[in-house]
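Enquirer: This is data.cif (mmCIF, C-alpha atoms and all ligand atoms).
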```cif
data_model
#
loop_
_atom_site.label_atom_id
_atom_site.label_comp_id
_atom_site.auth_asym_id
_atom_site.auth_seq_id
_atom_site.Cartn_x
_atom_site.Cartn_y
_atom_site.Cartn_z
CA MET A 1 21.69 -17.93 5.58
CA LEU A 2 19.19 -15.16 4.76
CA THR A 3 20.02 -11.56 5.62
CA LEU A 4 17.03 -9.43 6.61
CA LEU A 5 17.44 -5.68 7.03
CA PHE A 6 15.01 -3.60 9.10
CA THR A 7 14.87 0.02 7.92
CA ASP A 8 12.45 1.98 10.08
CA ARG A 9 13.33 4.79 12.51
CA PRO A 10 16.00 3.61 15.00
CA GLN A 11 13.58 3.79 17.95
CA ARG A 12 11.26 1.28 16.23
CA TRP A 13 13.90 -1.49 16.08
CA PRO A 14 13.67 -2.51 19.76
CA LYS A 15 9.87 -2.78 19.41
CA PHE A 16 10.02 -4.89 16.26
CA GLU A 17 13.02 -7.14 16.82
CA ALA A 18 11.48 -9.69 19.18
CA PRO A 19 8.11 -9.99 17.38
CA LEU A 20 9.93 -10.36 14.05
CA ARG A 21 12.23 -13.07 15.40
CA ALA A 22 9.27 -14.90 16.93
CA ALA A 23 7.31 -14.74 13.67
CA LEU A 24 10.32 -15.79 11.55
CA ASP A 25 11.01 -18.73 13.85
CA ALA A 26 7.34 -19.74 13.78
CA ALA A 27 7.39 -19.60 9.97
CA CYS A 28 10.43 -21.95 9.96
CA ILE A 29 12.28 -20.05 7.24
CA GLY A 30 15.64 -21.56 8.23
CA PRO A 31 18.80 -19.74 9.34
CA TYR A 32 18.67 -15.96 9.04
CA ARG A 33 20.43 -12.80 10.19
CA LEU A 34 18.03 -10.01 11.20
CA SER A 35 19.43 -6.56 11.96
CA ASP A 36 18.90 -2.85 11.52
CA SER A 37 22.24 -2.61 9.73
CA ALA A 38 23.93 -4.90 7.20
CA ASP A 39 26.30 -4.95 4.24
CA PRO A 40 23.88 -4.00 1.40
CA ALA A 41 25.36 -6.57 -0.97
CA GLU A 42 24.37 -9.34 1.46
CA VAL A 43 20.78 -8.31 2.07
CA ASP A 44 18.04 -10.66 0.80
CA TYR A 45 14.96 -8.85 2.14
CA ILE A 46 14.36 -5.29 3.29
CA ILE A 47 11.64 -4.70 5.88
CA PHE A 48 10.82 -1.16 4.84
CA SER A 49 9.27 1.93 6.34
CA PRO A 50 9.34 5.32 4.59
CA SER A 51 10.36 6.83 7.95
CA GLY A 52 13.66 4.94 7.80
CA GLY A 53 15.04 7.24 5.11
CA LEU A 54 16.25 4.54 2.68
CA ARG A 55 15.75 5.77 -0.89
CA ASP A 56 18.58 4.31 -2.97
CA PHE A 57 18.33 0.55 -3.48
CA THR A 58 21.21 0.38 -5.96
CA PRO A 59 23.74 -1.04 -3.45
CA PHE A 60 21.42 -3.94 -2.60
CA THR A 61 22.68 -6.12 -5.43
CA ASN A 62 21.28 -9.43 -4.14
CA LEU A 63 17.92 -8.18 -2.95
CA LYS A 64 14.92 -10.50 -3.43
CA ALA A 65 12.05 -8.28 -2.23
CA VAL A 66 11.12 -5.19 -0.26
CA LEU A 67 8.40 -5.75 2.33
CA SER A 68 6.67 -2.55 3.38
CA LEU A 69 5.50 -2.12 6.95
CA TRP A 70 3.09 0.52 5.67
CA ALA A 71 -0.10 0.07 3.68
CA GLY A 72 0.56 3.20 1.64
CA VAL A 73 3.53 2.82 -0.70
CA GLU A 74 3.53 6.14 -2.57
CA SER A 75 6.98 7.05 -1.24
CA ILE A 76 8.63 3.98 -2.78
CA VAL A 77 6.44 2.67 -5.60
CA GLY A 78 7.92 4.93 -8.29
CA ASN A 79 11.52 4.46 -7.13
CA ASP A 80 13.62 3.57 -10.21
CA THR A 81 16.37 2.02 -8.10
CA LEU A 82 13.92 -0.59 -6.80
CA ARG A 83 13.95 -3.49 -9.26
CA VAL A 84 12.54 -6.32 -7.11
CA PRO A 85 8.98 -7.12 -5.98
CA LEU A 86 7.41 -4.80 -3.42
CA THR A 87 4.72 -5.88 -0.97
CA ARG A 88 2.54 -3.59 1.11
CA MET A 89 1.10 -4.15 4.57
CA VAL A 90 -2.34 -5.65 5.01
CA ASP A 91 -2.89 -6.91 8.53
CA GLN A 92 -5.36 -7.23 11.34
CA GLY A 93 -3.81 -4.47 13.46
CA LEU A 94 -4.05 -1.85 10.70
CA SER A 95 -7.60 -2.92 9.85
CA GLU A 96 -8.83 -2.86 13.44
CA GLY A 97 -7.20 0.52 14.09
CA MET A 98 -8.74 2.02 10.96
CA VAL A 99 -12.19 0.56 11.67
CA GLU A 100 -12.12 2.04 15.18
CA TRP A 101 -10.95 5.50 13.99
CA VAL A 102 -13.47 5.66 11.15
CA THR A 103 -16.37 4.34 13.21
CA GLY A 104 -15.62 6.72 16.07
CA HIS A 105 -15.50 9.76 13.81
CA VAL A 106 -18.53 8.70 11.77
CA LEU A 107 -20.55 8.33 14.99
CA ARG A 108 -19.28 11.69 16.29
CA HIS A 109 -20.76 13.46 13.29
CA HIS A 110 -23.78 11.21 12.85
CA LEU A 111 -24.88 11.74 16.46
CA GLY A 112 -23.88 15.43 16.54
CA MET A 113 -21.79 14.76 19.64
CA ASP A 114 -19.95 18.10 19.45
CA GLN A 115 -23.08 20.01 20.24
CA HIS A 116 -23.47 18.25 23.57
CA ILE A 117 -19.79 18.05 24.43
CA LEU A 118 -18.81 21.60 23.49
CA GLU A 119 -22.02 23.60 23.96
CA GLN A 120 -23.35 23.01 27.47
CA ASP A 121 -25.12 26.36 27.62
CA GLY A 122 -28.12 25.58 29.84
CA VAL A 123 -30.53 25.23 26.91
CA TRP A 124 -32.55 21.98 26.85
CA ARG A 125 -32.79 21.09 23.12
CA GLY A 126 -34.73 17.86 23.58
CA HIS A 127 -36.36 18.23 20.17
CA VAL A 128 -33.02 17.94 18.29
CA THR A 129 -32.46 14.22 17.90
CA PRO A 130 -30.10 12.49 15.47
CA PRO A 131 -31.53 10.28 12.72
CA LEU A 132 -31.02 6.55 12.95
CA ALA A 133 -28.03 5.13 11.11
CA ARG A 134 -30.46 3.45 8.71
CA ASP A 135 -31.35 6.94 7.49
CA ARG A 136 -27.75 8.16 7.07
CA GLN A 137 -25.67 7.68 3.93
CA VAL A 138 -21.95 7.12 4.42
CA ALA A 139 -19.69 6.94 1.36
CA ILE A 140 -16.34 5.19 1.37
CA LEU A 141 -13.96 6.08 -1.46
CA GLY A 142 -11.59 3.12 -1.75
CA LEU A 143 -12.88 -0.39 -1.15
CA GLY A 144 -9.60 -2.18 -0.51
CA ALA A 145 -8.44 -3.93 2.64
CA LEU A 146 -9.24 -0.96 4.88
CA GLY A 147 -12.24 0.46 3.03
CA GLN A 148 -13.96 -2.92 3.08
CA ALA A 149 -13.22 -3.49 6.76
CA CYS A 150 -14.77 -0.09 7.58
CA ALA A 151 -17.72 -0.73 5.26
CA LYS A 152 -18.44 -4.01 7.04
CA MET A 153 -18.57 -2.30 10.44
CA LEU A 154 -20.74 0.58 9.18
CA VAL A 155 -23.13 -1.88 7.52
CA ALA A 156 -23.33 -3.79 10.81
CA LEU A 157 -24.31 -0.52 12.51
CA ASN A 158 -27.09 -0.14 9.91
CA PHE A 159 -25.70 2.83 7.95
CA GLN A 160 -26.56 3.10 4.27
CA VAL A 161 -23.07 2.49 2.87
CA LEU A 162 -22.01 3.57 -0.61
CA GLY A 163 -18.58 2.58 -1.90
CA TRP A 164 -16.35 3.57 -4.78
CA SER A 165 -13.37 1.76 -6.25
CA ARG A 166 -11.36 1.60 -9.49
CA GLY A 167 -12.95 -1.64 -10.67
CA PRO A 168 -16.45 -3.06 -10.06
CA LYS A 169 -17.12 -4.73 -6.71
CA SER A 170 -19.85 -6.64 -4.97
CA ILE A 171 -19.84 -6.33 -1.17
CA PRO A 172 -22.79 -7.43 0.98
CA GLY A 173 -24.80 -4.45 2.19
CA VAL A 174 -22.76 -1.89 0.22
CA SER A 175 -23.97 -0.04 -2.88
CA CYS A 176 -20.83 -0.28 -5.01
CA PHE A 177 -19.83 2.15 -7.75
CA HIS A 178 -16.78 2.68 -9.91
CA GLY A 179 -15.54 5.00 -12.63
CA GLU A 180 -16.17 8.72 -13.11
CA ASP A 181 -19.97 8.43 -13.25
CA GLY A 182 -19.89 6.19 -10.21
CA LEU A 183 -17.96 8.82 -8.27
CA ARG A 184 -20.55 11.44 -9.07
CA GLU A 185 -23.35 9.17 -7.82
CA VAL A 186 -21.50 8.31 -4.63
CA LEU A 187 -20.63 11.92 -3.85
CA ALA A 188 -24.22 13.02 -4.38
CA GLY A 189 -25.26 10.76 -1.50
CA ALA A 190 -22.20 11.28 0.69
CA GLU A 191 -23.53 12.85 3.89
CA ILE A 192 -20.37 11.49 5.49
CA CYS A 193 -17.50 10.70 3.13
CA VAL A 194 -14.53 8.54 4.17
CA LEU A 195 -11.40 8.66 2.01
CA LEU A 196 -9.48 5.39 1.93
CA LEU A 197 -7.84 5.62 -1.47
CA PRO A 198 -4.11 5.21 -2.02
CA ASN A 199 -2.09 8.24 -3.11
CA THR A 200 -1.46 7.74 -6.84
CA PRO A 201 -1.39 10.09 -9.83
CA HIS A 202 -5.01 9.03 -10.52
CA THR A 203 -6.34 9.74 -7.04
CA GLU A 204 -4.72 13.13 -6.45
CA ASP A 205 -7.38 15.80 -5.84
CA THR A 206 -10.22 13.28 -5.99
CA LEU A 207 -12.05 15.81 -3.84
CA ASP A 208 -11.44 18.96 -5.88
CA ALA A 209 -13.77 21.97 -6.04
CA ALA A 210 -16.11 20.29 -8.53
CA ALA A 211 -16.31 17.07 -6.52
CA LEU A 212 -16.95 18.97 -3.29
CA ARG A 213 -19.82 20.83 -4.96
CA LEU A 214 -21.49 17.49 -5.74
CA MET A 215 -21.68 16.57 -2.04
CA PRO A 216 -24.81 17.31 -0.01
CA GLN A 217 -25.04 20.59 1.90
CA GLY A 218 -23.38 20.16 5.30
CA ALA A 219 -21.53 16.97 4.32
CA VAL A 220 -18.71 15.76 6.54
CA ILE A 221 -15.37 14.52 5.21
CA LEU A 222 -13.11 12.06 7.02
CA ASN A 223 -9.67 11.61 5.49
CA PRO A 224 -7.52 8.85 6.94
CA GLY A 225 -6.25 8.02 3.40
CA ARG A 226 -3.63 10.51 2.22
CA GLY A 227 -3.41 14.32 2.13
CA PRO A 228 -3.17 14.74 -1.67
CA LEU A 229 -6.60 13.11 -2.13
CA ILE A 230 -8.09 16.53 -1.31
CA ASP A 231 -7.47 19.92 -2.89
CA ASP A 232 -6.73 21.84 0.33
CA ASP A 233 -7.72 25.28 -0.98
CA ALA A 234 -10.99 23.96 -2.40
CA LEU A 235 -11.72 22.29 0.95
CA LEU A 236 -11.10 25.51 2.88
CA GLU A 237 -13.33 27.40 0.46
CA SER A 238 -16.21 24.96 0.77
CA LEU A 239 -15.89 24.86 4.56
CA ASN A 240 -15.88 28.66 4.70
CA SER A 241 -18.94 28.87 2.47
CA GLY A 242 -20.72 26.39 4.74
CA HIS A 243 -21.27 23.86 1.96
CA ILE A 244 -19.05 21.30 3.66
CA GLY A 245 -19.95 21.04 7.34
CA HIS A 246 -16.76 19.57 8.81
CA ALA A 247 -13.56 17.80 7.85
CA THR A 248 -11.68 15.44 10.12
CA LEU A 249 -8.23 14.96 8.67
CA ASP A 250 -5.60 12.44 9.76
CA VAL A 251 -3.21 12.82 6.82
CA PHE A 252 -1.74 15.85 5.07
CA ARG A 253 0.32 16.91 2.07
CA GLN A 254 3.04 17.89 4.53
CA GLU A 255 3.54 15.89 7.72
CA PRO A 256 3.89 16.86 10.47
CA LEU A 257 1.32 19.52 9.61
CA PRO A 258 3.21 22.83 10.13
CA PRO A 259 2.04 24.79 13.22
CA GLU A 260 1.05 27.79 11.09
CA HIS A 261 -1.12 25.72 8.72
CA PRO A 262 -4.72 27.07 8.58
CA PHE A 263 -6.16 23.59 9.21
CA TRP A 264 -5.04 23.74 12.86
CA SER A 265 -7.17 26.74 13.73
CA HIS A 266 -10.14 26.22 11.44
CA PRO A 267 -13.31 25.86 13.54
CA ARG A 268 -14.68 23.17 11.26
CA ILE A 269 -11.56 21.07 10.85
CA THR A 270 -10.37 18.42 13.27
CA VAL A 271 -6.72 17.42 12.90
CA THR A 272 -5.46 14.05 14.10
CA PRO A 273 -1.72 13.40 13.66
CA HIS A 274 -1.63 10.41 11.26
CA ILE A 275 -2.72 8.02 13.98
CA ALA A 276 -5.79 6.45 12.39
CA ALA A 277 -4.10 3.07 12.07
CA GLU A 278 -0.61 2.38 13.34
CA THR A 279 1.68 -0.40 12.12
CA ARG A 280 1.83 -2.71 15.12
CA ALA A 281 4.79 -5.02 15.51
CA ALA A 282 2.97 -8.12 16.72
CA THR A 283 0.53 -8.37 13.82
CA THR A 284 2.75 -7.05 11.02
CA ALA A 285 5.63 -9.38 11.91
CA THR A 286 3.60 -12.45 10.98
CA VAL A 287 2.71 -10.95 7.58
CA ILE A 288 6.39 -10.18 6.88
CA ALA A 289 7.53 -13.64 7.97
CA GLU A 290 4.85 -15.40 5.93
CA ASN A 291 5.87 -13.51 2.79
CA ILE A 292 9.53 -14.42 3.28
CA ARG A 293 8.53 -18.04 3.82
CA ARG A 294 6.42 -17.98 0.66
CA ASN A 295 9.11 -16.43 -1.49
CA GLU A 296 11.74 -18.85 -0.23
CA ALA A 297 9.37 -21.74 -0.96
CA GLY A 298 8.71 -20.45 -4.48
CA GLU A 299 5.11 -19.52 -3.62
CA PRO A 300 3.62 -16.16 -4.63
CA MET A 301 3.95 -13.45 -1.99
CA ARG A 302 0.78 -11.79 -0.71
CA PHE A 303 -0.10 -8.09 -1.10
CA LEU A 304 2.21 -7.46 -4.03
CA VAL A 305 2.15 -3.87 -5.22
CA ASP A 306 1.27 -3.31 -8.88
CA ARG A 307 4.04 -0.95 -9.96
CA ASP A 308 1.97 0.28 -12.93
CA LEU A 309 -1.15 1.07 -10.89
CA GLN A 310 1.12 2.35 -8.09
CA TYR A 311 -0.77 0.66 -5.25
P1 LIG B 401 -5.91 -1.10 -0.95
O1 LIG B 401 -4.85 -1.05 -1.98
O2 LIG B 401 -6.30 -2.41 -0.37
O3 LIG B 401 -7.24 -0.43 -1.53
C1 LIG B 401 -7.23 0.70 -2.32
C2 LIG B 401 -8.64 0.95 -2.84
O4 LIG B 401 -8.61 2.17 -3.59
C3 LIG B 401 -9.12 -0.15 -3.79
O5 LIG B 401 -10.49 -0.38 -3.59
C4 LIG B 401 -8.90 0.47 -5.17
O6 LIG B 401 -9.78 0.03 -6.17
C5 LIG B 401 -9.18 1.93 -4.87
N1 LIG B 401 -8.57 2.78 -5.88
C6 LIG B 401 -7.27 2.89 -6.22
N2 LIG B 401 -7.12 3.76 -7.24
C7 LIG B 401 -8.36 4.20 -7.54
C8 LIG B 401 -8.87 5.10 -8.51
N3 LIG B 401 -8.06 5.73 -9.38
N4 LIG B 401 -10.19 5.30 -8.55
C9 LIG B 401 -11.02 4.68 -7.70
N5 LIG B 401 -10.61 3.81 -6.75
C10 LIG B 401 -9.29 3.57 -6.68
O7 LIG B 401 -5.46 -0.10 0.20
P2 LIG B 401 -5.81 -0.17 1.76
O8 LIG B 401 -7.28 -0.26 1.91
O9 LIG B 401 -4.97 -1.16 2.45
O10 LIG B 401 -5.27 1.27 2.22
C11 LIG B 401 -5.80 2.45 1.67
C12 LIG B 401 -4.94 3.63 2.05
O11 LIG B 401 -5.12 3.96 3.43
C13 LIG B 401 -3.42 3.41 1.96
O12 LIG B 401 -2.98 3.50 0.62
C14 LIG B 401 -2.90 4.52 2.83
O13 LIG B 401 -2.72 5.68 2.05
C15 LIG B 401 -4.01 4.75 3.84
N6 LIG B 401 -3.62 4.36 5.20
C16 LIG B 401 -3.64 5.31 6.18
C17 LIG B 401 -3.32 4.99 7.47
C18 LIG B 401 -3.41 6.01 8.55
O14 LIG B 401 -3.00 5.75 9.68
N7 LIG B 401 -3.96 7.18 8.28
C19 LIG B 401 -2.90 3.63 7.85
C20 LIG B 401 -2.93 2.71 6.75
C21 LIG B 401 -3.28 3.07 5.47
P3 LIG B 401 -9.78 -1.51 -6.65
O15 LIG B 401 -10.37 -2.28 -5.48
O16 LIG B 401 -10.68 -1.50 -7.82
O17 LIG B 401 -8.36 -1.88 -6.94
C1 LIG B 402 0.27 3.32 6.30
C2 LIG B 402 0.13 4.44 7.19
O1 LIG B 402 0.22 3.52 5.09
O2 LIG B 402 0.45 4.31 8.38
O3 LIG B 402 0.44 2.18 6.77
O4 LIG B 402 -0.33 5.50 6.77
#
```
Rewrite the structure from the file as structure tokens, please.
Ligand code: NDP
Ligand code: OXD
Expert:
Amino acid sequence: MLTLLFTDRPQRWPKFEAPLRAALDAACIGPYRLSDSADPAEVDYIIFSPSGGLRDFTPFTNLKAVLSLWAGVESIVGNDTLRVPLTRMVDQGLSEGMVEWVTGHVLRHHLGMDQHILEQDGVWRGHVTPPLARDRQVAILGLGALGQACAKMLVALNFQVLGWSRGPKSIPGVSCFHGEDGLREVLAGAEICVLLLPNTPHTEDTLDAAALRLMPQGAVILNPGRGPLIDDDALLESLNSGHIGHATLDVFRQEPLPPEHPFWSHPRITVTPHIAAETRAATTATVIAENIRRNEAGEPMRFLVDRDLQY
């Protein structure tokens, strides 16, 4: 009998229980106990969310793996009490959500929608037309599961897509770069820059003052990745100087973003409350169940986190 412990916020359990049971039954993993509470010494697998508050894995003496419901694992990856494999979430629901958020916000800025939505002042500016997507460069920093899904959509819409990752990549329609020099080249063309890097010691402040200076005048930043990818003060400075045209931010160093934070009231910042891509029970449950099935069958689990690289 396997014991599976769900550790998200209590209000998430009713949403996840039925989809998880359905996916576990479909995966034919054999008899199991699935609950949001269990004797730690009996737990085989933890279905983990950082919102659940679990930080000390020491009491889980028979644990086989921790399966994250989140794509980003920065809250758990360096945890010394975690001594078993950790998987992260890669699934259709997260990808579709992120593609829709990124595409929507890219098109907002590409088409200059704000001018028409917010400035209906009786002036007919028929001569101000947006360029075609084929003439717009969009950079994506991070070409993993989500970055690639977004790149594919933006390529399909005809944007000139530049991408940056840790290692070299070849993706149809995307000009791929890596390494420090690669970052400089990508930023130089980044009229719209989408951040989809994980939060690791190597990615912190990827957009610092020097990096922001490399971007074209009026560039737009979209950050659905993680708050620490950007140096907040440097961002405010470059927005105030007019060098950066706008920043649409979904993630922050502190969440929820405190009401007094200057981002809320800045005229050239749009705040969305970490909603770019939500973990959805129906699609994530099948990924969790398949990984348990694999591990029980002695097959390698998918989406294993590299504890050294921290993503
Ligand atoms: P992946 O792990 O699949 O991809 C990460 C990408 O970042 C890879 O291309 C990787 O390069 C690249 N990368 C990592 N470190 C570096 C580095 N030092 N320099 C350059 N590139 C680097 O992650 P996902 O695409 O699944 O998710 C990305 C992030 O999106 C998550 O970590 C999370 O923070 C965020 N997220 C936000 C959500 C939201 O609602 N706002 C929802 C879900 C995720 P390489 O390919 O060479 O390994
Ligand atoms: C995630 C997130 O990492 O929701 O999955 O940010």
Enquirer: Could you please extract the residues within 7 Å of ligand LIG 402 (chain B), counting all atoms listed in the file, and hand them back as a list in words?
Expert: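 Written in the requested form, the residues are Leu69, Trp70, Ala71, Gly72, Val73, Met89, His274, Ala277, Glu278 and Thr279 of chain A.
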Enquirer: So which residues touch Asn62 (chain A) within 9 Å, counting all atoms listed in the file, skipping near sequence neighbours fewer than 6 positions away, as a list in words?
Expert: Pro40, Ala41, Glu42, Val43, Asp44 and Tyr45 of chain A
Enquirer: Taking only C-alpha atoms and all ligand atoms into account, name the residue in A:Pro172, A:Gly122, A:Pro262, A:Gly97 that is nearest to ligand LIG 401 (chain B).
Expert: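 Distance minimum relative to ligand LIG 401 (chain B) lands on A:Gly97.
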Enquirer: Quick one, how far is CA of Arg12 (chain A) from CA of Gly52 (chain A)?
Expert: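 Between these atoms lies a distance of 9.5 Å.
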Enquirer: Just want the residues within 7 Å of ligand LIG 401 (chain B), written as number ranges by chain, counting all atoms listed in the file.
Expert: A: 70-73, 90, 94, 98, 141-147, 164-168, 178-179, 196-200, 202-203, 224-226, 250-251, 274-278, 311
Enquirer: Which value, in Å to one decimal, gives the distance between CA of Pro267 (chain A) and CA of Leu154 (chain A)?
Expert: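 Interatomic distance here is 26.7 Å.
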Enquirer: Could you tell me which of A:Arg83, A:Arg184, A:His246, A:His109 comes closest to Ala133 (chain A) if we count all atoms listed in the file?
Expert: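 For Ala133 (chain A), the nearest of the given residues is A:His109.
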Enquirer: Would you please work out which residue, of A:Met153, A:Leu236, A:Val138, A:Val66, is nearest to Ala190 (chain A) when using all atoms listed in the file?
Expert: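 Going through A:Met153, A:Leu236, A:Val138, A:Val66 one by one, the smallest distance to Ala190 (chain A) is for A:Val138.
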Enquirer: What's around Pro50 (chain A) at 8 Å? Count all atoms listed in the file, leave out sequence neighbours fewer than 3 positions away in its own chain, and write the answer as a PyMOL selection string.
Expert: chain A and resi 8+53-54+70+75-76
Enquirer: For region 99-107 of chain A, find every residue with an atom within 7 Å (counting all atoms listed in the file), except residues of its own chain fewer than 4 positions away, and show them as a list in words.
Expert: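 Listed by chain and then number, they are Ser95, Leu111, Ala149, Cys150 and Ala276 of chain A.
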Enquirer: Could you pull the residues within 12 Å of Trp13 (chain A), counting only C-alpha atoms, minus those fewer than 4 positions along the same chain, as a list in words?
Expert: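 Those residues are Leu5, Phe6, Thr7, Asp8, Arg9, Glu17, Ala18, Pro19, Leu20, Arg21, Leu34, Ser35, Asp36, Ser37, Ile47, Phe48, Ser49, Gly52 and Ala281 of chain A.
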Enquirer: Listing only residues of region 83-180 of chain A within 6 Å of region 296-310 of chain A, what is the closest atom pair and its distance in Å (to one decimal) for each, using only C-alpha atoms, sorted by chain and residue number ascending, as a Markdown table?
Expert:
```
| residue | atom | partner | partner_atom | distance |
| --- | --- | --- | --- | --- |
| A:Leu86 | CA | A:Val305 | CA | 5.6 |
| A:Thr87 | CA | A:Leu304 | CA | 4.3 |
| A:Arg88 | CA | A:Phe303 | CA | 5.7 |
```
Enquirer: Would you fill the gaps in region 183-202 of chain A so it has N, CA and C atoms, then print it as a PDB file, keeping the file's coordinate frame?
Expert:
```
ATOM      1  N   LEU A 183     -18.406   7.865  -9.301  1.00  0.00           N
ATOM      2  CA  LEU A 183     -17.960   8.820  -8.270  1.00  0.00           C
ATOM      3  C   LEU A 183     -19.012   9.907  -8.073  1.00  0.00           C
ATOM      4  N   ARG A 184     -19.540  10.385  -9.188  1.00  0.00           N
ATOM      5  CA  ARG A 184     -20.550  11.440  -9.070  1.00  0.00           C
ATOM      6  C   ARG A 184     -21.760  10.949  -8.269  1.00  0.00           C
ATOM      7  N   GLU A 185     -22.190   9.715  -8.546  1.00  0.00           N
ATOM      8  CA  GLU A 185     -23.350   9.170  -7.820  1.00  0.00           C
ATOM      9  C   GLU A 185     -23.063   9.019  -6.337  1.00  0.00           C
ATOM     10  N   VAL A 186     -21.870   8.522  -6.037  1.00  0.00           N
ATOM     11  CA  VAL A 186     -21.500   8.310  -4.630  1.00  0.00           C
ATOM     12  C   VAL A 186     -21.421   9.641  -3.896  1.00  0.00           C
ATOM     13  N   LEU A 187     -20.790  10.619  -4.533  1.00  0.00           N
ATOM     14  CA  LEU A 187     -20.630  11.920  -3.850  1.00  0.00           C
ATOM     15  C   LEU A 187     -21.984  12.583  -3.611  1.00  0.00           C
ATOM     16  N   ALA A 188     -22.915  12.387  -4.538  1.00  0.00           N
ATOM     17  CA  ALA A 188     -24.220  13.020  -4.380  1.00  0.00           C
ATOM     18  C   ALA A 188     -24.931  12.521  -3.124  1.00  0.00           C
ATOM     19  N   GLY A 189     -24.599  11.303  -2.694  1.00  0.00           N
ATOM     20  CA  GLY A 189     -25.260  10.760  -1.500  1.00  0.00           C
ATOM     21  C   GLY A 189     -24.389  10.821  -0.255  1.00  0.00           C
ATOM     22  N   ALA A 190     -23.193  11.399  -0.384  1.00  0.00           N
ATOM     23  CA  ALA A 190     -22.200  11.280   0.690  1.00  0.00           C
ATOM     24  C   ALA A 190     -22.432  12.282   1.817  1.00  0.00           C
ATOM     25  N   GLU A 191     -23.348  11.960   2.714  1.00  0.00           N
ATOM     26  CA  GLU A 191     -23.530  12.850   3.890  1.00  0.00           C
ATOM     27  C   GLU A 191     -22.276  12.817   4.748  1.00  0.00           C
ATOM     28  N   ILE A 192     -21.681  11.631   4.854  1.00  0.00           N
ATOM     29  CA  ILE A 192     -20.370  11.490   5.490  1.00  0.00           C
ATOM     30  C   ILE A 192     -19.501  10.740   4.478  1.00  0.00           C
ATOM     31  N   CYS A 193     -18.335  11.285   4.188  1.00  0.00           N
ATOM     32  CA  CYS A 193     -17.500  10.700   3.130  1.00  0.00           C
ATOM     33  C   CYS A 193     -16.136  10.322   3.710  1.00  0.00           C
ATOM     34  N   VAL A 194     -15.794   9.056   3.616  1.00  0.00           N
ATOM     35  CA  VAL A 194     -14.530   8.540   4.170  1.00  0.00           C
ATOM     36  C   VAL A 194     -13.572   8.269   3.017  1.00  0.00           C
ATOM     37  N   LEU A 195     -12.369   8.845   3.084  1.00  0.00           N
ATOM     38  CA  LEU A 195     -11.400   8.660   2.010  1.00  0.00           C
ATOM     39  C   LEU A 195     -10.393   7.580   2.387  1.00  0.00           C
ATOM     40  N   LEU A 196     -10.454   6.459   1.696  1.00  0.00           N
ATOM     41  CA  LEU A 196      -9.480   5.390   1.930  1.00  0.00           C
ATOM     42  C   LEU A 196      -8.885   4.903   0.617  1.00  0.00           C
ATOM     43  N   LEU A 197      -8.519   5.892  -0.203  1.00  0.00           N
ATOM     44  CA  LEU A 197      -7.840   5.620  -1.470  1.00  0.00           C
ATOM     45  C   LEU A 197      -6.337   5.705  -1.250  1.00  0.00           C
ATOM     46  N   PRO A 198      -5.555   5.004  -2.079  1.00  0.00           N
ATOM     47  CA  PRO A 198      -4.110   5.210  -2.020  1.00  0.00           C
ATOM     48  C   PRO A 198      -3.750   6.520  -2.735  1.00  0.00           C
ATOM     49  N   ASN A 199      -2.568   7.021  -2.445  1.00  0.00           N
ATOM     50  CA  ASN A 199      -2.090   8.240  -3.110  1.00  0.00           C
ATOM     51  C   ASN A 199      -1.382   7.839  -4.402  1.00  0.00           C
ATOM     52  N   THR A 200      -2.060   8.035  -5.528  1.00  0.00           N
ATOM     53  CA  THR A 200      -1.460   7.740  -6.840  1.00  0.00           C
ATOM     54  C   THR A 200      -1.733   8.935  -7.745  1.00  0.00           C
ATOM     55  N   PRO A 201      -1.095   8.966  -8.929  1.00  0.00           N
ATOM     56  CA  PRO A 201      -1.390  10.090  -9.830  1.00  0.00           C
ATOM     57  C   PRO A 201      -2.872  10.160 -10.188  1.00  0.00           C
ATOM     58  N   HIS A 202      -3.586   9.020 -10.137  1.00  0.00           N
ATOM     59  CA  HIS A 202      -5.010   9.030 -10.520  1.00  0.00           C
ATOM     60  C   HIS A 202      -5.930   9.466  -9.381  1.00  0.00           C
TER      61      HIS A 202
END
```
